[in-house]
Structure formats: C-alpha cells, structure tokens
Amino acid sequence: MNYEFILVDEQAQPHIALIRLNRPKELNALNLQLMLELKSALQSLDQNDAVRCIIITGNEQAFAAGADIKQMESRTPVDLIKIDQFETWDQIRKTSKPVIAAVSGFALGGGCELAMLCDMIVASESAKFGQPEIKIGIMPGAGGTQRLTRAVGKALAMEMVLTGKFISAQEAHAAGLINRVVPDELYLDEAFKLAKEVAAMSPISIRLAKESVLKAFETGLQEGLFFERKNFYLTFTSEDQKEGMKAFIEKRKPDFKGV
Ligand code: HXC
C-alpha cells in the first residue's frame, strides 16, 4: 500500500479519518498506484456514515513532491491519453465530505495540486508550495494553472508557474492559498482541531455547503446564487435543521445525526 489509513479513535476524535501518503523514500511522489489507492480510500470513506471529515497528510519532509517523474519520464502522449490519470483526480474532486490537507515539507507540482484539490489546507511553518514542472520541461496538468490562479491571483500564480519557484507557508498564507500556518510540530494537531470543528456540524449541511462553495469556481454569480438558494432550501429537509435551531433556542449544544 502506498498510503496508511487510520480511522481515528472515535472517542478522542469522533468522525475524523486520516489518510497518510506513504512513499517516504520518494518524498511521497504520486505514482499512478498511489492515486488509485487514494481515490478508493476516499470513495469508501465517503460511503461511511461514521466519517464526517477526512484529513490527508504526508510526513514531516513531504506532503508530496509531485507526480512520480521516474514513472512519467518515458511516457508518450498516447500513453498519457490511454492512462487517463486525471479521471482519478476528477473522482477525488467528487468526494462529498470535507477534506483537509495537513502539509509539512514539500507540496510541489501534483503535490501542490492535490493539496489544492482538498477543501482546506493547514501547513507547518517549514512547508513549501510550488509548481516546478516548468523546470523539467513540462507544465502543471492537474489544476496548477487554474486552482492556483484562482487562489492567489494572476501575478503570483504566473510567477510560480513560469519560474517554478517555491513559496513558504507564510507566503502561501498571505496569498490566500492556505488556511493556517502553525509551528512544525503542531500541523497535524491543528488539522485535527479544524476537522473536529467541521465534524461537529450537520453532515448534510456541510455537504451542501461544500458543494455550494465549490460551485463559485464554476459559475457566474447569478447561477451560483441560484444553486446556493436551492441547497439552502434543501437543508430544511433534514432533522439536523430542526435540531440545530431547537438547540439554539434551548441554549444547548446541538446533537447532529446526519439525517
Ligand atoms: C520521483 C522523486 C520526486 C518526484 C523526489 N523524488 N521527488 N521521485 N518523482 N517528483 C525522489 C528523488 O529522486 C530521490 O530519490 C528522493 O526522492 C529524495 O529526493 P532528493 O532530490 O534527493 O531530495 P532533496 O535534495 O531534498 O530535494 C527535494 C526536492 C527535489 C526539491 C523536492 O526532490 C525535487 O525537485 N523533486 C521534484 C519536484 C518536481 O519537479 N515535482 C513536479 C513533478 S511533475 P533517489 O532514489 O533518487 O535518491 C508533476 C506533474 C503533475 O507533478 C501532473 C499531474 C499528475
């Protein structure tokens, strides 16, 4: 297996699952097998009602240093078309539950793109983000020119994509690429903290809200507002809506059941 999967202790961290990318010798380079395994893990967690939030992490040295260059080196365009690896990435993007990337060390090329495919990013102070594909004669292919540009704007995205320069976690935070930067030893704890907050909410509202935020990247304002409105109405079909509002009025914590 190219990843470790830990369904986190229900008592200590209820409803949170952790996936750890596990090719440490290759700085978690994303080969095809790893991506297929990651897709399957996410699909099964998506079906598991006990799970409300998923964390993807790597190790201290690397979240992932990009697609596996050794695997890619001799590929022809026809190979790439036949392999159709981006279908796997598209499936990962369809995960309906919130996914948090907990990044330490390198998040480069496909590694940065994988982090950006997640819904939120928590990073350690020593994390480095970059799209260095240009240095090996290619360019980003899994969202690096699109998601990065939407996140940080044209100026920085263009510079990162055209020069391959890395940015620090602090720069990434200032540019709006990531949610939080914390001292190195705390990045996973911080990701759990964030996951815990999300996992305490109504899973149905979370799902519809995630879908609606992502819609903002794909539509104009009017269509997006219309989509949001329908999802807002849909939240009122859930028992969690009754529970959430009742709990507010009764001045107690809600107990969301996901129904
Ligand atoms: C395969 C990789 C790798 C990668 C590192 N390794 N990155 N193997 N694919 N992307 C391997 C190295 O070959 C080496 O193995 C080991 O990991 C440690 O790496 P070093 O280079 O010795 O470490 P260091 O000097 O600390 O440098 C770290 C680094 C550098 C700056 C991250 O490894 C690097 O530049 N990596 C490539 C980054 C990159 O270009 N990523 C974009 C890939 S293209 P050996 O066995 O040789 O010691 C891409 C396209 C995505 O992502 C398209 C969508 C899928």
# chains A, B, ... in the order shown; residues from 1 in each chain; ligands from 1
call {"tool": "residues_around", "arguments": {"residues": "Ile134 (chain A)", "least_positions_apart": "6", "cutoff": "7 Å", "atoms": "only C-alpha atoms", "output": "NGL selection string"}}
result
:A and (161-164)
call {"tool": "residues_around", "arguments": {"residues": "Lys210 (chain A)", "least_positions_apart": "5", "cutoff": "9 Å", "atoms": "only C-alpha atoms", "output": "PyMOL selection string"}}
result
chain A and resi 96-98+119+205+215
call {"tool": "residues_around", "arguments": {"residues": "Lys94 (chain A)", "least_positions_apart": "4", "cutoff": "10 Å", "atoms": "only C-alpha atoms", "output": "list in words"}}
result
Lys39, Leu42, Gln43, Asp46, Thr88, Trp89, Asp90, Leu117 and Glu211 of chain A
call {"tool": "residues_near_ligand", "arguments": {"ligand": "ligand 1", "cutoff": "10 Å", "atoms": "only C-alpha atoms and all ligand atoms", "output": "PyMOL selection string"}}
result
chain A and resi 23-32+35+61-62+64-73+85-86+88-89+105-114+128+130-144+164+166
call {"tool": "select_by_dssp", "arguments": {"residues": "region 5-249 of chain A", "states": "helix (DSSP H, G or I)", "output": "JSON, numbers by chain"}}
result
{"A": [24, 25, 26, 32, 33, 34, 35, 36, 37, 38, 39, 40, 41, 42, 43, 44, 45, 46, 47, 69, 70, 71, 72, 77, 78, 79, 80, 81, 82, 83, 86, 87, 88, 89, 90, 91, 92, 93, 110, 111, 112, 113, 114, 115, 116, 117, 132, 133, 134, 135, 136, 147, 148, 149, 150, 151, 152, 154, 155, 156, 157, 158, 159, 160, 161, 162, 163, 169, 170, 171, 172, 173, 174, 184, 185, 186, 187, 188, 189, 190, 191, 192, 193, 194, 195, 196, 197, 198, 199, 203, 204, 205, 206, 207, 208, 209, 210, 211, 212, 213, 214, 215, 221, 222, 223, 224, 225, 226, 227, 228, 229, 230, 231, 232, 233, 234, 235, 239, 240, 241, 242, 243, 244, 245, 246, 247, 248, 249]}
call {"tool": "atom_distance", "arguments": {"atom1": "CA of Glu223 (chain A)", "atom2": "CA of Ile100 (chain A)"}}
result
26.9 Å
call {"tool": "residues_around", "arguments": {"residues": "Asp255 (chain A)", "least_positions_apart": "5", "cutoff": "12 Å", "atoms": "only C-alpha atoms", "output": "ChimeraX atom specification"}}
result
/A:199-203,239-248
call {"tool": "write_last_selection", "arguments": {"atoms": "all heavy atoms", "output": "mmCIF file, in the first residue's frame"}}
result
data_model
loop_
_atom_site.group_PDB
_atom_site.id
_atom_site.type_symbol
_atom_site.label_atom_id
_atom_site.label_comp_id
_atom_site.auth_asym_id
_atom_site.auth_seq_id
_atom_site.Cartn_x
_atom_site.Cartn_y
_atom_site.Cartn_z
ATOM 1 N N ALA A 199 -16.550 18.480 11.865
ATOM 2 C CA ALA A 199 -17.257 17.212 12.120
ATOM 3 C C ALA A 199 -18.369 17.372 13.155
ATOM 4 O O ALA A 199 -19.246 16.518 13.261
ATOM 5 C CB ALA A 199 -16.262 16.151 12.585
ATOM 6 N N ALA A 200 -18.351 18.468 13.890
ATOM 7 C CA ALA A 200 -19.407 18.691 14.883
ATOM 8 C C ALA A 200 -20.670 19.267 14.245
ATOM 9 O O ALA A 200 -21.718 19.341 14.876
ATOM 10 C CB ALA A 200 -18.904 19.632 15.970
ATOM 11 N N MET A 201 -20.581 19.679 12.991
ATOM 12 C CA MET A 201 -21.737 20.288 12.314
ATOM 13 C C MET A 201 -22.613 19.214 11.682
ATOM 14 O O MET A 201 -22.255 18.044 11.634
ATOM 15 C CB MET A 201 -21.255 21.253 11.211
ATOM 16 C CG MET A 201 -20.286 22.298 11.672
ATOM 17 S SD MET A 201 -21.008 23.369 12.920
ATOM 18 C CE MET A 201 -19.545 24.155 13.573
ATOM 19 N N SER A 202 -23.747 19.653 11.171
ATOM 20 C CA SER A 202 -24.631 18.709 10.481
ATOM 21 C C SER A 202 -23.961 18.237 9.186
ATOM 22 O O SER A 202 -23.638 19.063 8.320
ATOM 23 C CB SER A 202 -25.948 19.402 10.132
ATOM 24 O OG SER A 202 -26.561 18.718 9.064
ATOM 25 N N PRO A 203 -23.775 16.943 9.033
ATOM 26 C CA PRO A 203 -23.104 16.448 7.819
ATOM 27 C C PRO A 203 -23.849 16.802 6.534
ATOM 28 O O PRO A 203 -23.220 17.020 5.497
ATOM 29 C CB PRO A 203 -23.090 14.925 7.999
ATOM 30 C CG PRO A 203 -23.372 14.678 9.428
ATOM 31 C CD PRO A 203 -24.090 15.868 9.979
ATOM 32 N N GLU A 239 -33.489 16.564 9.607
ATOM 33 C CA GLU A 239 -33.809 16.644 11.040
ATOM 34 C C GLU A 239 -32.756 17.501 11.742
ATOM 35 O O GLU A 239 -33.031 18.123 12.759
ATOM 36 C CB GLU A 239 -33.842 15.247 11.655
ATOM 37 C CG GLU A 239 -35.093 14.497 11.279
ATOM 38 C CD GLU A 239 -35.138 13.086 11.844
ATOM 39 O OE1 GLU A 239 -34.465 12.820 12.868
ATOM 40 O OE2 GLU A 239 -35.842 12.253 11.239
ATOM 41 N N ASP A 240 -31.552 17.503 11.172
ATOM 42 C CA ASP A 240 -30.481 18.312 11.769
ATOM 43 C C ASP A 240 -30.848 19.797 11.796
ATOM 44 O O ASP A 240 -30.449 20.529 12.703
ATOM 45 C CB ASP A 240 -29.169 18.124 10.990
ATOM 46 C CG ASP A 240 -28.465 16.820 11.353
ATOM 47 O OD1 ASP A 240 -28.864 16.188 12.350
ATOM 48 O OD2 ASP A 240 -27.528 16.438 10.627
ATOM 49 N N GLN A 241 -31.602 20.250 10.789
ATOM 50 C CA GLN A 241 -32.032 21.673 10.800
ATOM 51 C C GLN A 241 -32.933 21.928 11.998
ATOM 52 O O GLN A 241 -32.779 22.933 12.714
ATOM 53 C CB GLN A 241 -32.742 22.003 9.479
ATOM 54 C CG GLN A 241 -33.361 23.389 9.427
ATOM 55 C CD GLN A 241 -34.837 23.397 9.827
ATOM 56 O OE1 GLN A 241 -35.576 22.451 9.563
ATOM 57 N NE2 GLN A 241 -35.264 24.457 10.476
ATOM 58 N N LYS A 242 -33.873 20.997 12.248
ATOM 59 C CA LYS A 242 -34.786 21.161 13.405
ATOM 60 C C LYS A 242 -33.966 21.140 14.695
ATOM 61 O O LYS A 242 -34.154 21.965 15.577
ATOM 62 C CB LYS A 242 -35.817 20.026 13.451
ATOM 63 C CG LYS A 242 -36.562 19.769 12.150
ATOM 64 C CD LYS A 242 -37.697 20.765 11.924
ATOM 65 C CE LYS A 242 -38.385 20.576 10.588
ATOM 66 N NZ LYS A 242 -37.585 20.918 9.407
ATOM 67 N N GLU A 243 -33.041 20.161 14.766
ATOM 68 C CA GLU A 243 -32.214 20.009 15.960
ATOM 69 C C GLU A 243 -31.334 21.251 16.182
ATOM 70 O O GLU A 243 -31.239 21.759 17.296
ATOM 71 C CB GLU A 243 -31.348 18.745 15.827
ATOM 72 C CG GLU A 243 -30.208 18.604 16.823
ATOM 73 C CD GLU A 243 -30.636 18.518 18.277
ATOM 74 O OE1 GLU A 243 -31.838 18.363 18.553
ATOM 75 O OE2 GLU A 243 -29.744 18.619 19.155
ATOM 76 N N GLY A 244 -30.727 21.742 15.113
ATOM 77 C CA GLY A 244 -29.825 22.887 15.233
ATOM 78 C C GLY A 244 -30.550 24.121 15.748
ATOM 79 O O GLY A 244 -30.074 24.823 16.647
ATOM 80 N N MET A 245 -31.724 24.376 15.215
ATOM 81 C CA MET A 245 -32.463 25.586 15.600
ATOM 82 C C MET A 245 -33.072 25.432 16.995
ATOM 83 O O MET A 245 -33.083 26.376 17.787
ATOM 84 C CB MET A 245 -33.522 25.899 14.542
ATOM 85 C CG MET A 245 -32.862 26.285 13.217
ATOM 86 S SD MET A 245 -33.991 27.029 12.040
ATOM 87 C CE MET A 245 -32.830 27.513 10.748
ATOM 88 N N LYS A 246 -33.559 24.199 17.271
ATOM 89 C CA LYS A 246 -34.132 23.927 18.599
ATOM 90 C C LYS A 246 -33.053 24.095 19.677
ATOM 91 O O LYS A 246 -33.284 24.721 20.710
ATOM 92 C CB LYS A 246 -34.651 22.476 18.608
ATOM 93 C CG LYS A 246 -35.671 22.172 19.668
ATOM 94 C CD LYS A 246 -36.467 20.926 19.253
ATOM 95 C CE LYS A 246 -37.350 20.470 20.381
ATOM 96 N NZ LYS A 246 -36.852 19.300 21.079
ATOM 97 N N ALA A 247 -31.873 23.532 19.388
ATOM 98 C CA ALA A 247 -30.771 23.613 20.356
ATOM 99 C C ALA A 247 -30.399 25.068 20.618
ATOM 100 O O ALA A 247 -30.128 25.458 21.749
ATOM 101 C CB ALA A 247 -29.560 22.838 19.837
ATOM 102 N N PHE A 248 -30.418 25.880 19.559
ATOM 103 C CA PHE A 248 -30.105 27.307 19.747
ATOM 104 C C PHE A 248 -31.117 27.948 20.700
ATOM 105 O O PHE A 248 -30.746 28.637 21.648
ATOM 106 C CB PHE A 248 -30.129 28.054 18.398
ATOM 107 C CG PHE A 248 -29.970 29.541 18.563
ATOM 108 C CD1 PHE A 248 -28.708 30.090 18.738
ATOM 109 C CD2 PHE A 248 -31.084 30.382 18.593
ATOM 110 C CE1 PHE A 248 -28.554 31.458 18.922
ATOM 111 C CE2 PHE A 248 -30.934 31.747 18.788
ATOM 112 C CZ PHE A 248 -29.666 32.293 18.948
#
call {"tool": "atom_distance", "arguments": {"atom1": "CA of Glu197 (chain A)", "atom2": "CA of Ser104 (chain A)"}}
result
21.3 Å
call {"tool": "atom_distance", "arguments": {"atom1": "CA of Leu34 (chain A)", "atom2": "CA of Ile19 (chain A)"}}
result
11.6 Å
call {"tool": "residues_around", "arguments": {"residues": "Ile55 (chain A)", "least_positions_apart": "3", "cutoff": "9 Å", "atoms": "only C-alpha atoms", "output": "compact mmCIF listing (two decimals) with N, CA and C atoms, in the first residue's frame"}}
result
# COMPACT_ATOMS: atom_id res chain seq x y z
N ILE A 16 -13.60 11.52 12.43
CA ILE A 16 -12.49 12.01 11.59
C ILE A 16 -11.66 10.83 11.09
N ALA A 17 -11.33 10.84 9.81
CA ALA A 17 -10.46 9.81 9.25
C ALA A 17 -9.19 10.47 8.73
N LEU A 18 -8.09 9.75 8.88
CA LEU A 18 -6.80 10.28 8.44
C LEU A 18 -6.20 9.36 7.39
N ILE A 19 -5.76 9.95 6.29
CA ILE A 19 -5.02 9.18 5.28
C ILE A 19 -3.61 9.75 5.22
N ARG A 20 -2.63 8.86 5.38
CA ARG A 20 -1.24 9.33 5.33
C ARG A 20 -0.56 8.78 4.08
N PRO A 98 -15.93 16.97 3.56
CA PRO A 98 -14.80 17.90 3.57
C PRO A 98 -13.47 17.18 3.75
N VAL A 99 -12.48 17.63 2.99
CA VAL A 99 -11.15 17.04 3.05
C VAL A 99 -10.15 18.15 3.39
N ILE A 100 -9.34 17.89 4.40
CA ILE A 100 -8.33 18.87 4.82
C ILE A 100 -6.94 18.31 4.49
N ALA A 101 -6.11 19.12 3.85
CA ALA A 101 -4.72 18.71 3.63
C ALA A 101 -3.89 19.24 4.80
N ALA A 102 -3.15 18.35 5.44
CA ALA A 102 -2.22 18.75 6.51
C ALA A 102 -0.82 18.63 5.91
N CYS A 118 -8.01 19.60 -2.11
CA CYS A 118 -8.66 19.49 -0.80
C CYS A 118 -9.42 20.79 -0.52
N LEU A 188 -0.37 18.72 12.39
CA LEU A 188 -1.40 17.67 12.38
C LEU A 188 -2.45 17.93 13.46
N ALA A 191 -4.73 20.46 12.16
CA ALA A 191 -5.67 19.91 11.17
C ALA A 191 -6.79 19.15 11.88
N PHE A 192 -6.44 18.43 12.93
CA PHE A 192 -7.47 17.73 13.71
C PHE A 192 -8.43 18.71 14.37
N ALA A 195 -10.72 19.85 11.75
CA ALA A 195 -11.60 18.74 11.37
C ALA A 195 -12.67 18.52 12.44
call {"tool": "select_by_dssp", "arguments": {"residues": "region 9-197 of chain A", "states": "strand (DSSP E)", "output": "VMD selection string"}}
result
chain A and resid 16 to 21 53 to 57 62 to 64 99 to 103 106 to 108 120 to 124 128 to 130 166 to 168 180 to 182
call {"tool": "write_last_selection", "arguments": {"atoms": "N, CA and C atoms", "output": "tab-separated table (two decimals), in the first residue's frame"}}
result
chain	number	residue	atom	x	y	z
A	16	ILE	N	-13.60	11.52	12.43
A	16	ILE	CA	-12.49	12.01	11.59
A	16	ILE	C	-11.66	10.83	11.09
A	17	ALA	N	-11.33	10.84	9.81
A	17	ALA	CA	-10.46	9.81	9.25
A	17	ALA	C	-9.19	10.47	8.73
A	18	LEU	N	-8.09	9.75	8.88
A	18	LEU	CA	-6.80	10.28	8.44
A	18	LEU	C	-6.20	9.36	7.39
A	19	ILE	N	-5.76	9.95	6.29
A	19	ILE	CA	-5.02	9.18	5.28
A	19	ILE	C	-3.61	9.75	5.22
A	20	ARG	N	-2.63	8.86	5.38
A	20	ARG	CA	-1.24	9.33	5.33
A	20	ARG	C	-0.56	8.78	4.08
A	21	LEU	N	-0.15	9.66	3.18
A	21	LEU	CA	0.59	9.22	1.99
A	21	LEU	C	1.90	8.62	2.46
A	53	CYS	N	-15.34	13.99	8.35
A	53	CYS	CA	-14.28	14.86	7.83
A	53	CYS	C	-13.02	14.01	7.63
A	54	ILE	N	-12.29	14.31	6.56
A	54	ILE	CA	-11.12	13.49	6.19
A	54	ILE	C	-9.89	14.39	6.14
A	55	ILE	N	-8.80	13.88	6.71
A	55	ILE	CA	-7.53	14.61	6.64
A	55	ILE	C	-6.59	13.79	5.75
A	56	ILE	N	-5.94	14.46	4.81
A	56	ILE	CA	-4.87	13.81	4.04
A	56	ILE	C	-3.55	14.46	4.46
A	57	THR	N	-2.59	13.63	4.80
A	57	THR	CA	-1.29	14.18	5.18
A	57	THR	C	-0.17	13.36	4.56
A	62	ALA	N	7.70	15.73	3.48
A	62	ALA	CA	6.93	15.98	2.26
A	62	ALA	C	5.46	15.61	2.41
A	63	PHE	N	4.62	16.52	1.96
A	63	PHE	CA	3.22	16.15	1.70
A	63	PHE	C	3.27	15.30	0.43
A	64	ALA	N	3.78	15.87	-0.64
A	64	ALA	CA	4.09	15.12	-1.87
A	64	ALA	C	4.91	16.01	-2.79
A	99	VAL	N	-12.48	17.63	2.99
A	99	VAL	CA	-11.15	17.04	3.05
A	99	VAL	C	-10.15	18.15	3.39
A	100	ILE	N	-9.34	17.89	4.40
A	100	ILE	CA	-8.33	18.87	4.82
A	100	ILE	C	-6.94	18.31	4.49
A	101	ALA	N	-6.11	19.12	3.85
A	101	ALA	CA	-4.72	18.71	3.63
A	101	ALA	C	-3.89	19.24	4.80
A	102	ALA	N	-3.15	18.35	5.44
A	102	ALA	CA	-2.22	18.75	6.51
A	102	ALA	C	-0.82	18.63	5.91
A	103	VAL	N	-0.22	19.78	5.63
A	103	VAL	CA	1.01	19.81	4.81
A	103	VAL	C	2.23	20.17	5.65
A	106	PHE	N	7.52	19.48	1.50
A	106	PHE	CA	7.24	19.84	0.11
A	106	PHE	C	5.80	19.52	-0.32
A	107	ALA	N	5.17	20.51	-0.93
A	107	ALA	CA	3.91	20.26	-1.66
A	107	ALA	C	4.15	20.86	-3.04
A	108	LEU	N	4.65	20.03	-3.93
A	108	LEU	CA	5.14	20.52	-5.22
A	108	LEU	C	4.42	19.85	-6.38
A	120	MET	N	-9.53	22.52	2.48
A	120	MET	CA	-8.78	23.47	3.31
A	120	MET	C	-7.36	22.92	3.47
A	121	ILE	N	-6.42	23.84	3.72
A	121	ILE	CA	-5.03	23.43	3.87
A	121	ILE	C	-4.47	24.01	5.16
A	122	VAL	N	-3.94	23.12	5.99
A	122	VAL	CA	-3.22	23.55	7.20
A	122	VAL	C	-1.76	23.19	6.96
A	123	ALA	N	-0.85	24.12	7.24
A	123	ALA	CA	0.55	23.83	6.94
A	123	ALA	C	1.46	24.11	8.12
A	124	SER	N	2.59	23.41	8.13
A	124	SER	CA	3.62	23.69	9.12
A	124	SER	C	4.46	24.86	8.60
A	128	LYS	N	6.59	24.00	1.99
A	128	LYS	CA	6.93	24.77	0.78
A	128	LYS	C	5.97	24.37	-0.33
A	129	PHE	N	5.43	25.36	-0.99
A	129	PHE	CA	4.48	25.10	-2.07
A	129	PHE	C	5.08	25.56	-3.40
A	130	GLY	N	4.84	24.79	-4.45
A	130	GLY	CA	5.37	25.22	-5.73
A	130	GLY	C	4.83	24.39	-6.88
A	166	PHE	N	9.47	28.13	-5.35
A	166	PHE	CA	8.65	27.67	-4.23
A	166	PHE	C	8.27	28.88	-3.38
A	167	ILE	N	7.13	28.79	-2.73
A	167	ILE	CA	6.81	29.82	-1.73
A	167	ILE	C	6.69	29.16	-0.36
A	168	SER	N	6.97	29.95	0.66
A	168	SER	CA	6.92	29.43	2.03
A	168	SER	C	5.47	29.34	2.49
A	180	ARG	N	-4.12	27.95	7.43
A	180	ARG	CA	-3.39	28.20	8.67
A	180	ARG	C	-1.93	27.78	8.56
A	181	VAL	N	-1.05	28.50	9.23
A	181	VAL	CA	0.34	28.08	9.38
A	181	VAL	C	0.60	27.95	10.87
A	182	VAL	N	1.20	26.84	11.26
A	182	VAL	CA	1.48	26.63	12.68
A	182	VAL	C	2.91	26.07	12.83
call {"tool": "closest_residue", "arguments": {"among": "A:Gly58, A:Gly258, A:Pro183, A:Pro14", "to": "Ala169 (chain A)", "atoms": "only C-alpha atoms"}}
result
A:Pro183
call {"tool": "closest_residue", "arguments": {"among": "A:Val259, A:Arg93, A:Ala41, A:Ala127", "to": "Thr237 (chain A)", "atoms": "only C-alpha atoms"}}
result
A:Val259
